[in-house]
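Peer 1: upload14.txt is reproduced below (compact mmCIF, C-alpha atoms and all ligand atoms).
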# COMPACT_ATOMS: atom_id res chain seq x y z
CA MET A 1 -26.63 -11.56 -28.68
CA PHE A 2 -23.45 -13.46 -29.57
CA SER A 3 -21.37 -11.54 -27.05
CA ARG A 4 -23.95 -12.21 -24.32
CA LEU A 5 -23.79 -15.94 -25.03
CA ALA A 6 -19.99 -15.85 -25.06
CA ALA A 7 -19.92 -14.00 -21.70
CA LYS A 8 -22.35 -16.54 -20.21
CA ARG A 9 -20.24 -19.43 -21.45
CA LEU A 10 -17.09 -17.82 -20.05
CA LEU A 11 -18.75 -17.42 -16.68
CA GLU A 12 -19.73 -21.12 -16.68
CA ILE A 13 -16.16 -22.12 -17.48
CA ARG A 14 -14.83 -19.88 -14.70
CA ARG A 15 -17.33 -21.38 -12.24
CA VAL A 16 -16.07 -24.86 -13.04
CA LEU A 17 -12.40 -23.90 -12.85
CA ARG A 18 -12.45 -21.49 -9.91
CA PRO A 19 -15.81 -21.35 -8.15
CA SER A 20 -14.66 -18.64 -5.73
CA LEU A 21 -13.79 -16.26 -8.57
CA ALA A 22 -16.98 -16.60 -10.52
CA LEU A 23 -19.37 -15.39 -7.86
CA SER A 24 -19.80 -11.69 -7.40
CA SER A 25 -19.98 -11.78 -3.62
CA PRO A 26 -17.83 -9.99 -1.03
CA ALA A 27 -16.02 -13.28 -0.39
CA SER A 28 -14.93 -13.43 -4.01
CA THR A 29 -13.19 -10.07 -3.69
CA ALA A 30 -11.12 -11.05 -0.67
CA ALA A 31 -8.00 -11.80 -2.71
CA ARG A 32 -7.92 -8.38 -4.38
CA SER A 33 -6.06 -5.35 -3.16
CA PHE A 34 -7.68 -3.19 -0.49
CA SER A 35 -8.79 -0.40 -2.78
CA THR A 36 -10.44 -2.77 -5.21
CA ALA A 37 -11.80 -5.02 -2.47
CA LEU A 38 -14.88 -2.81 -2.43
CA ASN A 39 -16.46 -2.71 -5.87
CA TYR A 40 -19.18 -0.38 -4.69
CA HIS A 41 -20.01 1.51 -1.54
CA ILE A 42 -22.64 0.18 0.85
CA ASP A 43 -23.47 2.27 3.89
CA SER A 44 -22.44 0.72 7.21
CA PRO A 45 -22.38 2.24 10.71
CA ASP A 46 -18.71 3.20 10.40
CA ASN A 47 -18.77 4.08 6.69
CA LYS A 48 -21.63 6.34 5.67
CA PRO A 49 -21.73 9.79 4.07
CA ASP A 50 -23.51 11.55 6.93
CA ALA A 51 -21.03 10.37 9.62
CA PRO A 52 -19.19 13.39 11.06
CA TRP A 53 -15.60 13.56 9.84
CA GLU A 54 -13.18 16.45 9.82
CA PHE A 55 -9.45 17.00 9.91
CA THR A 56 -8.06 17.52 13.41
CA ALA A 57 -6.82 21.01 14.30
CA ALA A 58 -3.19 19.89 13.89
CA ASN A 59 -3.94 18.30 10.54
CA MET A 60 -5.86 21.39 9.41
CA GLU A 61 -2.51 23.21 9.69
CA ARG A 62 -0.98 20.54 7.47
CA VAL A 63 -3.90 20.89 5.05
CA LYS A 64 -3.17 24.62 4.77
CA GLU A 65 0.49 23.89 4.19
CA ILE A 66 -0.33 21.32 1.48
CA MET A 67 -2.77 23.70 -0.20
CA SER A 68 -0.11 26.42 -0.29
CA HIS A 69 1.83 24.29 -2.80
CA TYR A 70 -0.87 24.69 -5.44
CA PRO A 71 -2.30 27.71 -7.26
CA SER A 72 -5.65 28.78 -5.79
CA ASN A 73 -7.43 27.93 -9.06
CA TYR A 74 -5.99 24.38 -9.03
CA LYS A 75 -6.99 23.30 -5.53
CA GLN A 76 -8.03 19.90 -6.85
CA SER A 77 -4.35 19.09 -7.50
CA ALA A 78 -4.00 18.54 -3.74
CA VAL A 79 -6.36 15.56 -3.78
CA ILE A 80 -3.71 12.85 -3.33
CA PRO A 81 -1.74 14.38 -0.41
CA LEU A 82 -5.01 15.26 1.31
CA LEU A 83 -6.41 11.75 0.90
CA ASP A 84 -3.14 10.40 2.23
CA LEU A 85 -3.36 12.66 5.29
CA ALA A 86 -7.01 11.73 5.85
CA GLN A 87 -6.12 8.05 5.65
CA GLN A 88 -3.32 8.45 8.20
CA GLN A 89 -5.67 10.32 10.54
CA HIS A 90 -8.33 7.64 10.19
CA GLY A 91 -6.12 4.69 11.14
CA GLY A 92 -5.20 3.58 7.64
CA TRP A 93 -8.43 3.64 5.67
CA LEU A 94 -10.80 6.10 4.04
CA PRO A 95 -14.49 6.07 4.90
CA VAL A 96 -16.71 7.91 2.45
CA SER A 97 -17.16 10.76 4.94
CA ALA A 98 -13.39 11.40 4.92
CA MET A 99 -13.42 11.54 1.12
CA ASN A 100 -16.30 14.02 1.32
CA ALA A 101 -14.27 16.16 3.73
CA VAL A 102 -11.41 16.22 1.22
CA ALA A 103 -13.84 17.17 -1.58
CA LYS A 104 -15.02 20.08 0.54
CA VAL A 105 -11.48 21.37 1.10
CA ILE A 106 -10.55 21.28 -2.59
CA GLU A 107 -14.01 22.46 -3.66
CA VAL A 108 -14.92 19.68 -6.08
CA ALA A 109 -17.85 17.29 -6.36
CA PRO A 110 -17.27 14.21 -4.11
CA ILE A 111 -17.22 11.92 -7.16
CA ARG A 112 -13.94 13.58 -8.24
CA VAL A 113 -12.36 12.38 -4.99
CA TYR A 114 -13.96 8.92 -5.14
CA GLU A 115 -12.48 8.48 -8.62
CA VAL A 116 -8.97 9.00 -7.25
CA ALA A 117 -9.42 6.97 -4.06
CA THR A 118 -10.79 3.99 -5.97
CA PHE A 119 -8.04 4.09 -8.59
CA TYR A 120 -4.92 4.01 -6.41
CA SER A 121 -4.35 0.84 -4.42
CA MET A 122 -2.49 2.74 -1.68
CA PHE A 123 -5.84 4.15 -0.60
CA ASN A 124 -7.68 1.62 1.53
CA ARG A 125 -11.45 1.75 1.59
CA THR A 126 -11.85 -0.99 4.15
CA LYS A 127 -10.27 -1.26 7.59
CA VAL A 128 -6.64 -2.30 7.87
CA GLY A 129 -4.51 -3.26 10.84
CA LYS A 130 -2.44 -0.79 12.84
CA TYR A 131 0.46 -2.34 10.98
CA HIS A 132 -0.52 -2.90 7.38
CA LEU A 133 1.97 -5.31 5.80
CA LEU A 134 2.30 -5.15 2.04
CA VAL A 135 4.06 -7.94 0.19
CA CYS A 136 5.49 -7.04 -3.20
CA GLY A 137 4.01 -9.48 -5.72
CA THR A 138 5.73 -8.36 -8.93
CA THR A 139 7.99 -10.63 -10.98
CA PRO A 140 11.47 -10.06 -9.40
CA CYS A 141 10.06 -10.45 -5.87
CA MET A 142 7.90 -13.39 -6.96
CA ILE A 143 10.91 -15.19 -8.44
CA ARG A 144 12.78 -14.56 -5.18
CA GLY A 145 10.00 -16.09 -3.08
CA SER A 146 7.33 -13.46 -2.33
CA ARG A 147 4.59 -16.15 -2.35
CA GLU A 148 6.35 -17.96 0.50
CA ILE A 149 6.75 -14.64 2.33
CA GLU A 150 3.03 -13.97 2.08
CA GLU A 151 2.16 -17.52 3.10
CA ALA A 152 4.39 -17.24 6.18
CA LEU A 153 2.72 -13.97 7.22
CA LEU A 154 -0.83 -15.22 6.66
CA LYS A 155 -0.14 -18.47 8.50
CA HIS A 156 1.59 -16.75 11.41
CA LEU A 157 -1.19 -14.17 11.82
CA GLY A 158 -4.03 -16.61 11.10
CA VAL A 159 -5.70 -14.37 8.50
CA LYS A 160 -6.45 -14.35 4.80
CA ARG A 161 -5.09 -11.66 2.52
CA ASN A 162 -6.87 -8.34 3.24
CA GLU A 163 -8.22 -9.54 6.57
CA VAL A 164 -7.40 -7.82 9.85
CA THR A 165 -6.30 -9.84 12.90
CA LYS A 166 -8.83 -10.02 15.72
CA ASP A 167 -6.80 -7.66 17.90
CA GLY A 168 -6.76 -5.09 15.06
CA MET A 169 -2.97 -5.06 15.01
CA PHE A 170 -2.07 -6.51 11.61
CA SER A 171 -3.35 -6.94 8.08
CA VAL A 172 -1.60 -8.30 5.01
CA GLY A 173 -2.07 -6.94 1.51
CA GLU A 174 -0.27 -7.07 -1.78
CA MET A 175 1.47 -4.29 -3.66
CA GLU A 176 3.06 -4.23 -7.06
CA CYS A 177 6.72 -3.30 -7.60
CA MET A 178 7.86 -0.91 -4.89
CA GLY A 179 11.07 0.00 -6.67
CA CYS A 180 13.71 -1.99 -4.81
CA CYS A 181 13.82 -5.14 -6.92
CA VAL A 182 17.60 -5.36 -6.39
CA ASN A 183 16.76 -6.29 -2.78
CA ALA A 184 13.92 -8.69 -3.65
CA PRO A 185 11.89 -10.06 -2.00
CA MET A 186 10.65 -7.18 0.08
CA ILE A 187 7.72 -6.04 2.17
CA THR A 188 6.52 -2.62 3.28
CA VAL A 189 5.01 -1.83 6.65
CA ALA A 190 2.57 1.09 6.82
CA ASP A 191 2.49 1.96 10.52
CA TYR A 192 -0.77 3.64 11.57
CA SER A 193 -0.29 2.87 15.26
CA ASN A 194 0.61 6.48 16.19
CA GLY A 195 -1.81 8.52 14.07
CA SER A 196 -0.73 10.88 11.34
CA GLU A 197 1.99 12.40 13.56
CA GLY A 198 3.85 9.11 13.97
CA TYR A 199 2.98 7.58 10.61
CA THR A 200 5.80 5.69 8.89
CA TYR A 201 6.04 3.67 5.70
CA ASN A 202 9.12 1.48 5.83
CA TYR A 203 10.73 -1.04 3.49
CA TYR A 204 12.16 -4.36 4.72
CA GLU A 205 14.25 -5.96 2.02
CA ASP A 206 15.93 -9.32 1.32
CA VAL A 207 13.41 -10.90 3.66
CA THR A 208 12.88 -14.60 4.30
CA PRO A 209 9.75 -16.32 5.68
CA LYS A 210 11.50 -16.59 9.06
CA ARG A 211 12.60 -12.96 9.07
CA VAL A 212 9.14 -11.53 8.28
CA VAL A 213 7.68 -13.43 11.24
CA GLU A 214 10.44 -11.96 13.44
CA ILE A 215 9.64 -8.47 12.11
CA VAL A 216 5.94 -8.97 12.97
CA GLU A 217 6.80 -10.03 16.51
CA MET A 218 9.15 -7.07 16.97
CA LEU A 219 6.39 -4.70 15.85
CA ARG A 220 3.96 -6.39 18.23
CA ARG A 221 6.36 -5.72 21.10
CA GLY A 222 6.56 -2.06 20.07
CA GLU A 223 10.14 -2.41 18.82
CA LYS A 224 11.43 -0.84 15.64
CA PRO A 225 13.02 -3.45 13.37
CA PRO A 226 15.94 -2.03 11.37
CA VAL A 227 14.69 -0.99 7.94
CA GLY A 228 16.34 -1.80 4.62
CA THR A 229 18.14 -5.02 3.83
CA GLN A 230 17.67 -7.84 6.31
CA ASN A 231 20.62 -9.74 4.90
CA PRO A 232 23.60 -9.16 7.24
CA ASN A 233 26.00 -9.87 4.38
CA ARG A 234 24.77 -6.96 2.28
CA THR A 235 25.25 -3.24 2.69
CA ARG A 236 22.15 -1.56 1.32
CA SER A 237 21.92 -2.70 -2.31
CA GLY A 238 25.56 -3.77 -2.55
CA PRO A 239 26.52 -7.32 -3.50
CA GLU A 240 26.39 -10.02 -0.82
CA GLY A 241 29.83 -10.44 0.73
CA GLY A 242 31.11 -7.08 -0.54
CA ASN A 243 32.37 -5.77 -3.86
CA LEU A 244 34.06 -8.19 -6.26
CA THR A 245 34.83 -5.67 -8.98
CA LEU A 246 36.03 -2.06 -9.10
CA LEU A 247 38.17 -2.68 -6.06
CA GLY A 248 41.04 -0.25 -6.80
CA GLU A 249 41.14 3.51 -6.57
CA CYS A 250 38.96 5.19 -9.16
CA LYS A 251 41.02 6.83 -11.88
CA PRO A 252 40.11 10.44 -12.61
CA PRO A 253 38.65 11.01 -16.07
CA PRO A 254 41.29 11.77 -18.71
CA CYS A 255 41.59 15.51 -19.33
CA ARG A 256 43.06 17.29 -22.29
CA ASP A 257 46.33 19.05 -21.60
CA LEU A 258 45.17 22.51 -22.58
CA ASP A 259 48.69 23.96 -22.25
CA ALA A 260 49.91 21.59 -24.96
CA CYS A 261 47.29 22.85 -27.43
S1 LIG A 301 9.47 -6.42 -7.91
FE1 LIG A 301 9.39 -6.19 -5.78
S2 LIG A 301 10.31 -4.27 -5.49
FE2 LIG A 301 10.31 -4.47 -7.64
Hey, can you dump this file as structure tokens for me?
Peer 2:
Amino acid sequence: MFSRLAAKRLLEIRRVLRPSLALSSPASTAARSFSTALNYHIDSPDNKPDAPWEFTAANMERVKEIMSHYPSNYKQSAVIPLLDLAQQQHGGWLPVSAMNAVAKVIEVAPIRVYEVATFYSMFNRTKVGKYHLLVCGTTPCMIRGSREIEEALLKHLGVKRNEVTKDGMFSVGEMECMGCCVNAPMITVADYSNGSEGYTYNYYEDVTPKRVVEIVEMLRRGEKPPVGTQNPNRTRSGPEGGNLTLLGECKPPPCRDLDAC
């Protein structure tokens, strides 16, 4: 009784402070990551369990290759690479019929696959753009300006986070630390424009609001922006302007003179 009253009161406070967060409508989920943007599945013409979906012949070969990495009594261990392949084949997102196809291959109940696909934010359960841009939102990137990076992308493309541009080319999402904090802030581009054969997942590091807009326009023109650091004064993760320490020849480690022993 008490906890119900407390929850009700909390909801009222949230409504006052942030009306958009308090309502459990699809609009309220727009700011979440793609995988969590759908709290539950609702059938739609392009996302329903009885829609036909199967791996292409070429991808079936890749499925066999992936399955060969696992013992035959642990087929379910292949769930993540197979979901990844299905997502690439399906233009960057996983309809429920694709998840069912994966469940069939690894011989488990579909719920076992849904559990994985809904847990990992790299699996998208709603449509994304051909180029899905992911802005790192974790502390080092945030301190180095990731909010401004995201704002520049959203403004330039005229979308909200997790929305797809009208031409289907771009969408912007958020990821947590992608492991190159030394080059913060950074974005990743998942490129679904060439199916699973041409799929790439590239990092663009040391970006600025101006540079991410340039990267978007290069992608739009079909160009391939150079990956890695976008700061011309850095080499990979090295210090800007070159090394300031450890400039001489490295000394070899001291060795014992065994003859003198
Ligand atoms: S915080 Fe952005 S890559 Fe680690």
Peer 1: So that I can check the surroundings of A:Tyr192, please list as a PDB file with C-alpha atoms, in the frame of the given file every protein, DNA and RNA residue that reaches within 10 Å of it, counting all atoms listed in the file and ignoring chain neighbours fewer than 3 positions away.
Peer 2:
ATOM      1  CA  GLN A  87      -6.120   8.050   5.650  1.00  0.00           C
ATOM      2  CA  GLN A  88      -3.320   8.450   8.200  1.00  0.00           C
ATOM      3  CA  GLN A  89      -5.670  10.320  10.540  1.00  0.00           C
ATOM      4  CA  HIS A  90      -8.330   7.640  10.190  1.00  0.00           C
ATOM      5  CA  GLY A  91      -6.120   4.690  11.140  1.00  0.00           C
ATOM      6  CA  GLY A  92      -5.200   3.580   7.640  1.00  0.00           C
ATOM      7  CA  TRP A  93      -8.430   3.640   5.670  1.00  0.00           C
ATOM      8  CA  VAL A 128      -6.640  -2.300   7.870  1.00  0.00           C
ATOM      9  CA  GLY A 129      -4.510  -3.260  10.840  1.00  0.00           C
ATOM     10  CA  LYS A 130      -2.440  -0.790  12.840  1.00  0.00           C
ATOM     11  CA  TYR A 131       0.460  -2.340  10.980  1.00  0.00           C
ATOM     12  CA  HIS A 132      -0.520  -2.900   7.380  1.00  0.00           C
ATOM     13  CA  MET A 169      -2.970  -5.060  15.010  1.00  0.00           C
ATOM     14  CA  VAL A 189       5.010  -1.830   6.650  1.00  0.00           C
ATOM     15  CA  GLY A 195      -1.810   8.520  14.070  1.00  0.00           C
ATOM     16  CA  SER A 196      -0.730  10.880  11.340  1.00  0.00           C
ATOM     17  CA  GLU A 197       1.990  12.400  13.560  1.00  0.00           C
ATOM     18  CA  GLY A 198       3.850   9.110  13.970  1.00  0.00           C
ATOM     19  CA  TYR A 199       2.980   7.580  10.610  1.00  0.00           C
ATOM     20  CA  THR A 200       5.800   5.690   8.890  1.00  0.00           C
ATOM     21  CA  TYR A 201       6.040   3.670   5.700  1.00  0.00           C
TER      22      TYR A 201
END
Peer 1: Considering all atoms listed in the file, state which residue in the set A:Glu214, A:Thr118, A:Glu148, A:Met99 is at the smallest distance from A:Tyr40.
Peer 2: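 Among A:Glu214, A:Thr118, A:Glu148, A:Met99, it is A:Thr118 that comes nearest to A:Tyr40.
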Peer 1: Mind giving me the straight-line distance from atom CA of A:Ser237 to atom CA of A:Val216 in Å, one decimal?
Peer 2: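 We find that atom CA of A:Ser237 and atom CA of A:Val216 lie 23.0 Å from each other.
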Peer 1: Using only C-alpha atoms and all ligand atoms, can you tell me which of A:Arg62, A:Arg147, A:Lys127, A:Lys155 comes closest to ligand LIG 301 (chain A)?
Peer 2: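 That would be A:Arg147, the residue with the smallest distance to ligand LIG 301 (chain A).
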Peer 1: Find the residues near ligand LIG 301 (chain A). Use a cut-off of 10 Å, count only C-alpha atoms and all ligand atoms, and write them as a ChimeraX atom specification.
Peer 2: /A:135-144,146,175-188,203,205
Peer 1: Using only C-alpha atoms, which of the listed residues (A:Ala58, A:Val63, A:Val113, A:Ala98) sits closest to A:Gln76?
Peer 2: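 The closest residue to A:Gln76 is A:Val113.
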Peer 1: Extract, using all atoms listed in the file, all DNA, RNA and protein residues at most 12 Å from A:Gly158, discarding same-chain residues fewer than 6 positions from it, and format them as JSON, numbers by chain.
Peer 2: {"A": [150, 151, 152, 164, 165, 166, 167, 170, 171, 172]}
Peer 1: In Å to one decimal, how far is atom CA of A:Met122 from atom CA of A:Ser68?
Peer 2: 23.8 Å
Peer 1: Can you tell me how far atom CA of A:Lys104 sits from atom CA of A:Leu82, in Å to one decimal?
Peer 2: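 Distance between the two atoms: 11.1 Å.
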Peer 1: Pick the closest to A:Ser97 from A:Ser121, A:Ser44, A:Asn202, A:Asn73: which is it, counting all atoms listed in the file?
Peer 2: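 Looking only at the distances to A:Ser97, the closest residue turns out to be A:Ser44.
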Peer 1: With only C-alpha atoms as the basis for distance, which of A:Ala78, A:Gln230, A:Met67, A:Leu247 is at the shortest distance from A:Val207?
Peer 2: A:Gln230
Peer 1: Can you tell me, as a PyMOL selection string, what residues are no more than 10 Å from A:Ile80 when counting all atoms listed in the file, ignoring any on the same chain fewer than 4 positions away?
Peer 2: chain A and resi 76+84-86+102+113+116-117+120+123
Peer 1: From the structure block, carefully write stretch 147-185 of chain A out with N, CA and C atoms; format it as a compact mmCIF listing (two decimals), in the first residue's frame.
Peer 2:
# COMPACT_ATOMS: atom_id res chain seq x y z
N ARG A 147 27.95 16.21 -26.35
CA ARG A 147 26.59 16.78 -26.47
C ARG A 147 26.53 17.72 -27.67
N GLU A 148 27.57 18.52 -27.83
CA GLU A 148 27.61 19.47 -28.97
C GLU A 148 27.71 18.70 -30.29
N ILE A 149 28.42 17.58 -30.26
CA ILE A 149 28.54 16.75 -31.47
C ILE A 149 27.16 16.24 -31.86
N GLU A 150 26.44 15.72 -30.87
CA GLU A 150 25.11 15.18 -31.17
C GLU A 150 24.17 16.28 -31.65
N GLU A 151 24.22 17.42 -30.97
CA GLU A 151 23.37 18.55 -31.36
C GLU A 151 23.63 18.96 -32.81
N ALA A 152 24.93 19.01 -33.18
CA ALA A 152 25.29 19.40 -34.55
C ALA A 152 24.72 18.41 -35.55
N LEU A 153 24.80 17.12 -35.24
CA LEU A 153 24.28 16.09 -36.16
C LEU A 153 22.76 16.19 -36.28
N LEU A 154 22.09 16.30 -35.13
CA LEU A 154 20.62 16.33 -35.15
C LEU A 154 20.13 17.57 -35.91
N LYS A 155 20.80 18.69 -35.65
CA LYS A 155 20.39 19.94 -36.31
C LYS A 155 20.64 19.84 -37.82
N HIS A 156 21.80 19.35 -38.19
CA HIS A 156 22.14 19.27 -39.61
C HIS A 156 21.18 18.33 -40.36
N LEU A 157 20.82 17.22 -39.71
CA LEU A 157 19.98 16.23 -40.39
C LEU A 157 18.49 16.51 -40.20
N GLY A 158 18.16 17.40 -39.27
CA GLY A 158 16.75 17.75 -39.03
C GLY A 158 15.96 16.60 -38.43
N VAL A 159 16.59 15.85 -37.52
CA VAL A 159 15.89 14.73 -36.87
C VAL A 159 16.10 14.82 -35.36
N LYS A 160 15.30 13.99 -34.64
CA LYS A 160 15.55 13.82 -33.21
C LYS A 160 16.41 12.56 -33.07
N ARG A 161 16.92 12.36 -31.84
CA ARG A 161 17.69 11.15 -31.62
C ARG A 161 16.79 9.94 -31.89
N ASN A 162 17.32 8.94 -32.56
CA ASN A 162 16.63 7.70 -32.92
C ASN A 162 15.62 7.84 -34.05
N GLU A 163 15.59 9.00 -34.68
CA GLU A 163 14.71 9.16 -35.85
C GLU A 163 15.53 8.95 -37.12
N VAL A 164 14.87 8.55 -38.18
CA VAL A 164 15.55 8.34 -39.46
C VAL A 164 15.20 9.51 -40.38
N THR A 165 16.16 9.99 -41.14
CA THR A 165 15.87 11.11 -42.07
C THR A 165 14.86 10.63 -43.13
N LYS A 166 14.16 11.57 -43.71
CA LYS A 166 13.08 11.21 -44.65
C LYS A 166 13.58 10.37 -45.83
N ASP A 167 14.83 10.64 -46.26
CA ASP A 167 15.35 9.86 -47.39
C ASP A 167 15.90 8.50 -46.94
N GLY A 168 15.78 8.19 -45.65
CA GLY A 168 16.24 6.88 -45.15
C GLY A 168 17.75 6.74 -45.06
N MET A 169 18.47 7.84 -45.26
CA MET A 169 19.94 7.73 -45.31
C MET A 169 20.61 7.71 -43.94
N PHE A 170 20.10 8.52 -43.00
CA PHE A 170 20.83 8.69 -41.74
C PHE A 170 19.92 8.54 -40.53
N SER A 171 20.50 8.07 -39.45
CA SER A 171 19.85 8.12 -38.14
C SER A 171 20.96 8.36 -37.12
N VAL A 172 20.58 8.92 -35.99
CA VAL A 172 21.57 9.25 -34.95
C VAL A 172 21.15 8.58 -33.65
N GLY A 173 22.04 7.80 -33.08
CA GLY A 173 21.77 7.17 -31.80
C GLY A 173 22.89 7.47 -30.82
N GLU A 174 22.77 6.89 -29.64
CA GLU A 174 23.82 7.09 -28.65
C GLU A 174 24.38 5.75 -28.23
N MET A 175 25.66 5.70 -28.00
CA MET A 175 26.31 4.50 -27.49
C MET A 175 27.07 4.87 -26.23
N GLU A 176 27.32 3.89 -25.40
CA GLU A 176 28.22 4.16 -24.28
C GLU A 176 29.65 3.82 -24.71
N CYS A 177 30.59 4.05 -23.81
CA CYS A 177 32.02 4.04 -24.15
C CYS A 177 32.38 2.99 -25.19
N MET A 178 33.01 3.46 -26.28
CA MET A 178 33.38 2.55 -27.35
C MET A 178 34.88 2.27 -27.34
N GLY A 179 35.51 2.57 -26.21
CA GLY A 179 36.87 2.11 -25.99
C GLY A 179 37.97 2.93 -26.62
N CYS A 180 37.69 4.17 -27.05
CA CYS A 180 38.81 4.99 -27.53
C CYS A 180 38.73 6.36 -26.89
N CYS A 181 38.59 6.36 -25.56
CA CYS A 181 38.44 7.61 -24.81
C CYS A 181 39.64 8.53 -25.02
N VAL A 182 40.82 7.97 -25.31
CA VAL A 182 42.00 8.81 -25.49
C VAL A 182 41.84 9.71 -26.73
N ASN A 183 40.90 9.35 -27.61
CA ASN A 183 40.61 10.18 -28.78
C ASN A 183 39.21 10.81 -28.67
N ALA A 184 38.76 11.06 -27.46
CA ALA A 184 37.42 11.63 -27.27
C ALA A 184 37.37 13.08 -27.78
N PRO A 185 36.23 13.53 -28.30
CA PRO A 185 34.98 12.77 -28.48
C PRO A 185 35.00 12.00 -29.79
